[in-house]
Each structure stands twice: as structure tokens, then as C-alpha cells.
file entry31.cif (mmCIF, C-alpha atoms)
data_entry
loop_
_atom_site.label_atom_id
_atom_site.label_comp_id
_atom_site.auth_asym_id
_atom_site.auth_seq_id
_atom_site.Cartn_x
_atom_site.Cartn_y
_atom_site.Cartn_z
CA MET A 1 -4.01 -21.22 4.59
CA SER A 2 -6.37 -22.79 2.05
CA GLY A 3 -9.34 -24.47 3.65
CA MET A 4 -8.60 -22.86 7.01
CA SER A 5 -10.22 -19.80 8.51
CA PHE A 6 -8.11 -17.11 10.12
CA THR A 7 -9.21 -13.85 11.69
CA ALA A 8 -8.14 -10.58 10.14
CA GLU A 9 -5.85 -10.02 13.14
CA GLU A 10 -4.18 -13.42 12.67
CA ARG A 11 -3.65 -12.67 9.00
CA ALA A 12 -2.24 -9.21 9.83
CA ARG A 13 0.33 -10.66 12.22
CA ARG A 14 1.87 -12.70 9.37
CA VAL A 15 2.38 -9.75 6.99
CA LYS A 16 5.93 -9.08 5.83
CA VAL A 17 5.08 -7.21 2.61
CA LEU A 18 2.24 -4.69 2.24
CA LEU A 19 1.19 -3.79 -1.30
CA PHE A 20 -1.17 -1.07 -2.48
CA ASP A 21 -3.11 -0.38 -5.61
CA VAL A 22 -2.82 3.37 -6.26
CA ASP A 23 -5.88 4.92 -7.93
CA GLY A 24 -8.82 4.66 -5.55
CA VAL A 25 -6.63 3.39 -2.68
CA LEU A 26 -3.80 5.89 -2.20
CA THR A 27 -5.78 8.49 -4.18
CA ASN A 28 -9.50 9.17 -4.37
CA GLY A 29 -9.54 7.66 -7.85
CA ASP A 30 -9.76 10.95 -9.74
CA ILE A 31 -7.39 11.20 -12.70
CA THR A 32 -6.98 14.85 -13.68
CA ILE A 33 -5.30 15.42 -17.03
CA ILE A 34 -4.18 18.92 -17.98
CA PRO A 35 -3.48 19.32 -21.70
CA GLY A 36 -0.20 20.94 -22.67
CA GLU A 37 1.84 21.92 -25.70
CA GLY A 38 2.15 19.52 -28.62
CA GLY A 39 -0.37 17.00 -27.34
CA LYS A 40 1.57 16.44 -24.11
CA ALA A 41 -0.40 16.29 -20.90
CA THR A 42 0.23 16.62 -17.19
CA GLU A 43 -1.47 14.11 -14.90
CA VAL A 44 -2.44 15.24 -11.42
CA LYS A 45 -3.17 12.99 -8.42
CA SER A 46 -3.60 13.88 -4.77
CA PHE A 47 -2.16 11.69 -2.02
CA SER A 48 -2.94 11.65 1.70
CA ALA A 49 -0.24 12.82 4.08
CA HIS A 50 -1.72 10.37 6.62
CA ASP A 51 -0.88 7.50 4.26
CA GLY A 52 2.66 8.83 3.87
CA MET A 53 3.11 8.87 7.64
CA GLY A 54 1.65 5.39 7.86
CA ILE A 55 4.13 4.11 5.28
CA SER A 56 6.94 5.56 7.39
CA LEU A 57 5.56 3.74 10.45
CA ALA A 58 5.22 0.46 8.52
CA ARG A 59 8.85 0.71 7.43
CA LEU A 60 9.98 1.36 11.01
CA ALA A 61 8.07 -1.78 12.01
CA GLY A 62 10.01 -3.81 9.45
CA ILE A 63 7.36 -4.17 6.76
CA LYS A 64 8.38 -3.99 3.09
CA LEU A 65 6.12 -1.87 0.87
CA GLY A 66 5.01 -1.75 -2.72
CA PHE A 67 2.73 -0.12 -5.29
CA VAL A 68 1.10 -2.32 -7.96
CA THR A 69 -0.98 -0.32 -10.44
CA LYS A 70 -2.37 -0.71 -13.95
CA ARG A 71 -1.63 2.88 -15.00
CA ASN A 72 1.78 4.29 -15.81
CA SER A 73 2.22 7.66 -14.14
CA GLN A 74 5.18 9.92 -13.44
CA VAL A 75 3.25 11.20 -10.42
CA VAL A 76 3.21 7.69 -8.91
CA ALA A 77 6.93 7.27 -9.60
CA ILE A 78 7.66 10.54 -7.79
CA ARG A 79 5.49 9.62 -4.80
CA ALA A 80 7.06 6.16 -4.60
CA ARG A 81 10.54 7.73 -4.64
CA ASP A 82 9.60 10.23 -1.94
CA LEU A 83 8.28 7.42 0.27
CA LYS A 84 11.21 5.09 -0.55
CA ILE A 85 8.86 2.32 -1.70
CA GLU A 86 10.80 -0.91 -2.30
CA HIS A 87 8.55 -2.41 -4.99
CA VAL A 88 6.99 -0.23 -7.69
CA TYR A 89 5.14 -1.98 -10.51
CA GLN A 90 3.28 0.24 -12.97
CA GLY A 91 1.53 -0.79 -16.19
CA GLN A 92 0.32 -4.03 -14.58
CA ALA A 93 -2.75 -5.27 -16.46
CA HIS A 94 -2.27 -8.65 -14.73
CA LYS A 95 -1.13 -7.82 -11.22
CA LEU A 96 -0.30 -11.41 -10.28
CA ASP A 97 2.80 -11.12 -12.50
CA ALA A 98 4.14 -8.43 -10.15
CA ILE A 99 3.21 -10.51 -7.10
CA LYS A 100 5.27 -13.45 -8.41
CA GLN A 101 8.30 -11.20 -8.82
CA ILE A 102 7.87 -9.71 -5.34
CA LEU A 103 7.58 -13.21 -3.83
CA ALA A 104 10.90 -14.14 -5.42
CA GLU A 105 12.65 -10.91 -4.39
CA GLU A 106 11.43 -10.97 -0.79
CA LYS A 107 11.67 -14.76 -0.39
CA CYS A 108 8.29 -14.75 1.33
CA THR A 109 5.04 -16.66 0.89
CA LEU A 110 1.64 -15.48 -0.34
CA GLU A 111 0.40 -15.78 3.27
CA GLU A 112 2.94 -13.08 4.24
CA ILE A 113 1.61 -10.57 1.71
CA ALA A 114 -1.17 -8.05 2.34
CA TYR A 115 -2.79 -6.18 -0.54
CA VAL A 116 -5.09 -3.15 -0.48
CA GLY A 117 -7.43 -2.81 -3.45
CA ASP A 118 -10.62 -1.09 -4.54
CA ASP A 119 -11.75 -2.45 -7.92
CA ILE A 120 -12.18 -5.72 -9.78
CA ILE A 121 -8.69 -5.63 -11.33
CA ASP A 122 -7.43 -6.24 -7.76
CA LEU A 123 -9.48 -9.42 -7.24
CA PRO A 124 -6.98 -11.98 -8.63
CA VAL A 125 -4.37 -10.75 -6.13
CA MET A 126 -6.80 -10.37 -3.24
CA ARG A 127 -8.01 -13.95 -3.71
CA VAL A 128 -4.54 -15.44 -3.19
CA VAL A 129 -2.69 -13.25 -0.68
CA GLY A 130 -2.73 -13.90 3.05
CA PHE A 131 -4.47 -10.65 3.95
CA ALA A 132 -6.82 -8.92 1.51
CA ILE A 133 -7.88 -5.38 2.41
CA ALA A 134 -10.52 -3.23 0.69
CA SER A 135 -10.67 0.54 0.90
CA ALA A 136 -13.97 1.97 2.17
CA ASN A 137 -14.83 3.16 -1.35
CA ALA A 138 -14.14 -0.25 -2.93
CA ARG A 139 -16.61 -1.98 -5.23
CA ALA A 140 -18.92 -4.52 -3.58
CA GLN A 141 -17.09 -7.48 -5.16
CA VAL A 142 -13.79 -6.27 -3.68
CA LYS A 143 -15.25 -5.80 -0.21
CA ALA A 144 -16.65 -9.34 -0.42
CA ALA A 145 -13.14 -10.70 -1.17
CA ALA A 146 -11.51 -8.77 1.69
CA GLN A 147 -10.88 -9.86 5.26
CA TYR A 148 -10.78 -6.19 6.36
CA THR A 149 -12.28 -2.97 4.99
CA THR A 150 -10.75 0.35 5.95
CA GLN A 151 -12.82 3.03 7.65
CA MET A 152 -11.50 5.77 5.38
CA PRO A 153 -11.83 5.85 1.58
CA GLY A 154 -8.97 5.97 -0.89
CA GLY A 155 -6.97 9.17 -0.84
CA GLN A 156 -8.28 10.04 2.62
CA GLY A 157 -6.35 7.66 4.83
CA ALA A 158 -7.28 4.16 3.63
CA GLY A 159 -3.61 3.22 3.49
CA ARG A 160 -3.05 4.47 7.02
CA ASP A 161 -6.06 2.49 8.26
CA ALA A 162 -4.56 -0.69 6.77
CA ILE A 163 -1.18 -0.01 8.34
CA ASP A 164 -2.62 0.90 11.74
CA PHE A 165 -4.67 -2.32 11.70
CA ILE A 166 -1.62 -4.47 10.92
CA LEU A 167 0.60 -2.79 13.51
CA THR A 168 -2.18 -2.95 16.14
CA ALA A 169 -2.67 -6.68 15.47
CA ARG A 170 1.07 -7.14 16.04
CA GLY A 171 0.90 -5.13 19.24
CA VAL A 172 3.51 -2.64 18.00
CA LEU A 173 1.57 0.45 16.88
CA GLU A 174 2.27 2.55 19.98
CA SER A 175 5.92 1.52 20.27
CA THR A 176 6.44 2.24 16.55
CA ILE A 177 4.88 5.69 16.95
CA GLU A 178 7.20 6.40 19.87
CA ALA A 179 10.19 5.22 17.81
CA TYR A 180 9.13 7.59 15.03
CA LEU A 181 8.83 10.48 17.48
CA ASP A 182 12.30 9.80 18.94
CA ALA A 183 14.46 12.72 17.79
CA GLU A 184 17.51 10.45 17.82
CA ASN A 185 15.98 7.92 15.41
CA PRO A 186 17.74 8.32 12.03
CA GLU A 187 15.06 6.37 10.15
CA ALA A 188 12.33 8.72 11.38
CA ARG A 189 14.32 11.81 10.41
CA LYS A 190 14.59 10.76 6.76
CA ALA A 191 11.01 9.51 6.36
CA ASP A 192 8.82 11.10 3.64
CA ILE A 193 10.87 14.26 3.12
CA GLY A 194 10.36 14.27 -0.63
CA VAL A 195 9.25 17.48 -2.25
CA GLY A 196 7.92 16.29 -5.57
CA ASN A 197 10.14 16.63 -8.62
CA MET A 198 12.60 19.33 -7.44
#

call {"tool": "encode", "arguments": {"input": "entry31.cif", "output": "C-alpha cells"}}
result
Amino acid sequence: MSGMSFTAEERARRVKVLLFDVDGVLTNGDITIIPGEGGKATEVKSFSAHDGMGISLARLAGIKLGFVTKRNSQVVAIRARDLKIEHVYQGQAHKLDAIKQILAEEKCTLEEIAYVGDDIIDLPVMRVVGFAIASANARAQVKAAAQYTTQMPGGQGAGRDAIDFILTARGVLESTIEAYLDAENPEARKADIGVGNM
């Protein structure tokens, strides 16, 4: 795609793998740390139920999903497990390393990857993937690198906005919603039924 100009919709139609940064994209960016016994701490993050539903819809539409984040967090691991996320890369100071591994595992091209980011650490990935998406709360440099900016900020539905845009561009949003609502659909019944760390 280098040297050629594609619309956001054209880019969205090529997506096979959708990757998200976490803090500031799937959360509002707050990192709450509650001190505990012996210097241990509990980290708290809040996720949007709308994003969880969107991830279920994306899976029904055949899109593979992943989290690529710099921080290591048990909370993220639990959320990823609850949502059955295929690719979870934490502790990624250089996120392109994770992208290379995902490319090999999925046997796809950079043009078939979408990435949702909010801060400058996301720029190296956003500059090379086929569809770069910024959350509404993203830094100016990130919005400038994106082909689409979500209406909602991180933690308040930015992930869902990205998914709805991709599925709409493919012309499958409404049919995917109806498939999800079908009581006989086994995939819909098991979507996002996690309950934290029980």
C-alpha cells in the first residue's frame, strides 16, 4: 500500500487482525494502584462493556483480536481471558516485535492488520499497519498518523467504535448483530461471560 492512497473504508475491508493498545484505548488511561501488605499492590482498571460486546461481534465476523501493551498487568490478563483474545502481548516496550510475531502466527500481511492506539508509543505500529485508528482521547501526533479516529474516548467505547466502523465498511454489521442475537448461535452464547478472577 506504500505510495498509494486508500480510504479508511477500503483499509477496513482488508482487516483480518484487529489489535488494541490497552491503557487509554480499552481503558480511560487511569492506573489506580492500591497498596497492600508487604509492599504488594493491587492494580485497578475499568473496561467498557460496549468494547466487550464489540469484541464478541468482531469474532463472529471472523476477525482475530489482540492486545499489545507496554505494561504488565494481571487485570489485562484476566480481561483478555474473559474475552478469549487470541493474541496477548504485555510488557512490549517495542510493539513492532509483537506485530512481527502476530504476522507469522496469522500468516497475514501488515495491510491486513488494524491497530488502535492513543499515545506516541503506538506510532511505530500505526505507521506500518494497513489501518491505523486513534481513540478520541489520543495525542495529536497519534491522530495525525491515523486514518480513522473514534468518536468515543478510551474506556468509553473507543474499541466498539473501531469495530463498528470495520464491520460497517464490510457491510456485515447488521447481519453480525443478528447472528449474535440468534439464541441458537453457540458462539454468541459463550461470548464475554467471564467474571473476573473467580

call {"tool": "resolve_selection", "arguments": {"input": "entry31.cif", "expression": "the PyMOL selection byres ((chain A and resi 140-156) around 9)", "output": "number ranges by chain"}}
result
A: 7-8, 11, 22-29, 46-51, 116-120, 122-123, 126-127, 131-139, 157-162, 165

call {"tool": "atom_distance", "arguments": {"input": "entry31.cif", "atom1": "CA of Leu60 (chain A)", "atom2": "CA of Tyr180 (chain A)"}}
result
7.5 Å

call {"tool": "closest_residue", "arguments": {"input": "entry31.cif", "among": "A:Ala77, A:Arg14, A:Thr168, A:Leu83", "to": "Cys108 (chain A)", "atoms": "only C-alpha atoms"}}
result
A:Arg14

call {"tool": "atom_distance", "arguments": {"input": "entry31.cif", "atom1": "CA of Met53 (chain A)", "atom2": "CA of Leu18 (chain A)"}}
result
14.6 Å

call {"tool": "atom_distance", "arguments": {"input": "entry31.cif", "atom1": "CA of Lys64 (chain A)", "atom2": "CA of Thr32 (chain A)"}}
result
29.5 Å

call {"tool": "residues_around", "arguments": {"input": "entry31.cif", "residues": "Ser56 (chain A)", "least_positions_apart": "2", "cutoff": "10 Å", "atoms": "all atoms listed in the file", "output": "number ranges by chain"}}
result
A: 50-54, 58-61, 63, 65, 83-85, 163, 176-177, 180, 187-188, 190-192

call {"tool": "write_last_selection", "arguments": {"input": "entry31.cif", "atoms": "C-alpha atoms", "output": "PDB file, in the frame of the given file"}}
result
ATOM      1  CA  HIS A  50      -1.720  10.370   6.620  1.00  0.00           C
ATOM      2  CA  ASP A  51      -0.880   7.500   4.260  1.00  0.00           C
ATOM      3  CA  GLY A  52       2.660   8.830   3.870  1.00  0.00           C
ATOM      4  CA  MET A  53       3.110   8.870   7.640  1.00  0.00           C
ATOM      5  CA  GLY A  54       1.650   5.390   7.860  1.00  0.00           C
ATOM      6  CA  ALA A  58       5.220   0.460   8.520  1.00  0.00           C
ATOM      7  CA  ARG A  59       8.850   0.710   7.430  1.00  0.00           C
ATOM      8  CA  LEU A  60       9.980   1.360  11.010  1.00  0.00           C
ATOM      9  CA  ALA A  61       8.070  -1.780  12.010  1.00  0.00           C
ATOM     10  CA  ILE A  63       7.360  -4.170   6.760  1.00  0.00           C
ATOM     11  CA  LEU A  65       6.120  -1.870   0.870  1.00  0.00           C
ATOM     12  CA  LEU A  83       8.280   7.420   0.270  1.00  0.00           C
ATOM     13  CA  LYS A  84      11.210   5.090  -0.550  1.00  0.00           C
ATOM     14  CA  ILE A  85       8.860   2.320  -1.700  1.00  0.00           C
ATOM     15  CA  ILE A 163      -1.180  -0.010   8.340  1.00  0.00           C
ATOM     16  CA  THR A 176       6.440   2.240  16.550  1.00  0.00           C
ATOM     17  CA  ILE A 177       4.880   5.690  16.950  1.00  0.00           C
ATOM     18  CA  TYR A 180       9.130   7.590  15.030  1.00  0.00           C
ATOM     19  CA  GLU A 187      15.060   6.370  10.150  1.00  0.00           C
ATOM     20  CA  ALA A 188      12.330   8.720  11.380  1.00  0.00           C
ATOM     21  CA  LYS A 190      14.590  10.760   6.760  1.00  0.00           C
ATOM     22  CA  ALA A 191      11.010   9.510   6.360  1.00  0.00           C
ATOM     23  CA  ASP A 192       8.820  11.100   3.640  1.00  0.00           C
TER      24      ASP A 192
END

call {"tool": "resolve_selection", "arguments": {"input": "entry31.cif", "expression": "the PyMOL selection byres ((chain A and resi 74) around 12)", "output": "PyMOL selection string"}}
result
chain A and resi 41-45+71-73+75-81+88+90-91+196-197

call {"tool": "closest_residue", "arguments": {"input": "entry31.cif", "among": "A:Glu184, A:Asp82, A:Asp21, A:Glu111", "to": "Ala98 (chain A)", "atoms": "all atoms listed in the file"}}
result
A:Asp21

call {"tool": "resolve_selection", "arguments": {"input": "entry31.cif", "expression": "the PyMOL selection byres ((chain A and resi 92) around 7)", "output": "NGL selection string"}}
result
:A and (68-70 or 89-91 or 93-95)

call {"tool": "closest_residue", "arguments": {"input": "entry31.cif", "among": "A:Gly171, A:Gln101, A:Val15, A:Ser5", "to": "Gly130 (chain A)", "atoms": "all atoms listed in the file"}}
result
A:Val15

call {"tool": "closest_residue", "arguments": {"input": "entry31.cif", "among": "A:Ala179, A:Leu96, A:Val129, A:Ala104", "to": "Ala12 (chain A)", "atoms": "all atoms listed in the file"}}
result
A:Val129

call {"tool": "build_atoms", "arguments": {"input": "entry31.cif", "residues": "region 98-109 of chain A", "atoms": "all heavy atoms", "output": "mmCIF file, keeping the file's coordinate frame"}}
result
data_model
loop_
_atom_site.group_PDB
_atom_site.id
_atom_site.type_symbol
_atom_site.label_atom_id
_atom_site.label_comp_id
_atom_site.auth_asym_id
_atom_site.auth_seq_id
_atom_site.Cartn_x
_atom_site.Cartn_y
_atom_site.Cartn_z
ATOM 1 N N ALA A 98 3.317 -9.200 -11.095
ATOM 2 C CA ALA A 98 4.140 -8.430 -10.150
ATOM 3 C C ALA A 98 4.267 -9.173 -8.820
ATOM 4 O O ALA A 98 5.342 -9.191 -8.213
ATOM 5 C CB ALA A 98 3.528 -7.051 -9.925
ATOM 6 N N ILE A 99 3.186 -9.786 -8.383
ATOM 7 C CA ILE A 99 3.210 -10.510 -7.100
ATOM 8 C C ILE A 99 4.240 -11.638 -7.156
ATOM 9 O O ILE A 99 5.006 -11.831 -6.202
ATOM 10 C CB ILE A 99 1.807 -11.079 -6.766
ATOM 11 C CG1 ILE A 99 0.761 -9.961 -6.703
ATOM 12 C CG2 ILE A 99 1.850 -11.877 -5.460
ATOM 13 C CD1 ILE A 99 1.097 -8.800 -5.815
ATOM 14 N N LYS A 100 4.294 -12.361 -8.266
ATOM 15 C CA LYS A 100 5.270 -13.450 -8.410
ATOM 16 C C LYS A 100 6.697 -12.922 -8.290
ATOM 17 O O LYS A 100 7.546 -13.550 -7.651
ATOM 18 C CB LYS A 100 5.060 -14.174 -9.740
ATOM 19 C CG LYS A 100 3.782 -14.982 -9.792
ATOM 20 C CD LYS A 100 3.541 -15.542 -11.183
ATOM 21 C CE LYS A 100 2.156 -16.189 -11.254
ATOM 22 N NZ LYS A 100 1.764 -16.515 -12.632
ATOM 23 N N GLN A 101 6.960 -11.772 -8.899
ATOM 24 C CA GLN A 101 8.300 -11.200 -8.820
ATOM 25 C C GLN A 101 8.630 -10.750 -7.393
ATOM 26 O O GLN A 101 9.745 -10.947 -6.919
ATOM 27 C CB GLN A 101 8.414 -10.015 -9.782
ATOM 28 C CG GLN A 101 8.369 -10.442 -11.246
ATOM 29 C CD GLN A 101 8.507 -9.261 -12.193
ATOM 30 O OE1 GLN A 101 9.388 -8.430 -12.026
ATOM 31 N NE2 GLN A 101 7.632 -9.190 -13.182
ATOM 32 N N ILE A 102 7.653 -10.158 -6.726
ATOM 33 C CA ILE A 102 7.870 -9.710 -5.340
ATOM 34 C C ILE A 102 8.112 -10.908 -4.417
ATOM 35 O O ILE A 102 8.984 -10.864 -3.549
ATOM 36 C CB ILE A 102 6.681 -8.850 -4.863
ATOM 37 C CG1 ILE A 102 6.644 -7.528 -5.666
ATOM 38 C CG2 ILE A 102 6.756 -8.581 -3.356
ATOM 39 C CD1 ILE A 102 5.348 -6.748 -5.529
ATOM 40 N N LEU A 103 7.369 -11.991 -4.622
ATOM 41 C CA LEU A 103 7.580 -13.210 -3.830
ATOM 42 C C LEU A 103 9.018 -13.687 -3.964
ATOM 43 O O LEU A 103 9.661 -14.059 -2.976
ATOM 44 C CB LEU A 103 6.634 -14.313 -4.297
ATOM 45 C CG LEU A 103 5.175 -14.211 -3.874
ATOM 46 C CD1 LEU A 103 4.340 -15.236 -4.627
ATOM 47 C CD2 LEU A 103 5.025 -14.389 -2.377
ATOM 48 N N ALA A 104 9.531 -13.678 -5.192
ATOM 49 C CA ALA A 104 10.900 -14.140 -5.420
ATOM 50 C C ALA A 104 11.913 -13.197 -4.781
ATOM 51 O O ALA A 104 12.881 -13.644 -4.148
ATOM 52 C CB ALA A 104 11.148 -14.262 -6.925
ATOM 53 N N GLU A 105 11.705 -11.891 -4.931
ATOM 54 C CA GLU A 105 12.650 -10.910 -4.390
ATOM 55 C C GLU A 105 12.678 -10.919 -2.867
ATOM 56 O O GLU A 105 13.737 -10.793 -2.257
ATOM 57 C CB GLU A 105 12.304 -9.516 -4.898
ATOM 58 C CG GLU A 105 12.594 -9.295 -6.371
ATOM 59 C CD GLU A 105 12.152 -7.929 -6.853
ATOM 60 O OE1 GLU A 105 12.176 -6.971 -6.054
ATOM 61 O OE2 GLU A 105 11.780 -7.823 -8.029
ATOM 62 N N GLU A 106 11.524 -11.042 -2.250
ATOM 63 C CA GLU A 106 11.430 -10.970 -0.790
ATOM 64 C C GLU A 106 11.591 -12.333 -0.122
ATOM 65 O O GLU A 106 11.661 -12.417 1.101
ATOM 66 C CB GLU A 106 10.100 -10.341 -0.368
ATOM 67 C CG GLU A 106 9.985 -8.867 -0.713
ATOM 68 C CD GLU A 106 11.001 -8.004 0.016
ATOM 69 O OE1 GLU A 106 11.507 -8.417 1.084
ATOM 70 O OE2 GLU A 106 11.290 -6.901 -0.479
ATOM 71 N N LYS A 107 11.578 -13.401 -0.922
ATOM 72 C CA LYS A 107 11.670 -14.760 -0.390
ATOM 73 C C LYS A 107 10.617 -14.987 0.705
ATOM 74 O O LYS A 107 10.904 -15.491 1.801
ATOM 75 C CB LYS A 107 13.076 -15.046 0.133
ATOM 76 C CG LYS A 107 14.130 -15.004 -0.960
ATOM 77 C CD LYS A 107 15.525 -15.235 -0.419
ATOM 78 C CE LYS A 107 16.576 -15.245 -1.492
ATOM 79 N NZ LYS A 107 16.583 -14.107 -2.397
ATOM 80 N N CYS A 108 9.401 -14.577 0.390
ATOM 81 C CA CYS A 108 8.290 -14.750 1.330
ATOM 82 C C CYS A 108 7.216 -15.597 0.663
ATOM 83 O O CYS A 108 7.350 -16.001 -0.491
ATOM 84 C CB CYS A 108 7.737 -13.390 1.757
ATOM 85 S SG CYS A 108 6.962 -12.452 0.429
ATOM 86 N N THR A 109 6.156 -15.877 1.404
ATOM 87 C CA THR A 109 5.040 -16.660 0.890
ATOM 88 C C THR A 109 3.839 -15.746 0.640
ATOM 89 O O THR A 109 3.791 -14.605 1.131
ATOM 90 C CB THR A 109 4.625 -17.746 1.895
ATOM 91 O OG1 THR A 109 4.130 -17.093 3.073
ATOM 92 C CG2 THR A 109 5.809 -18.640 2.257
#
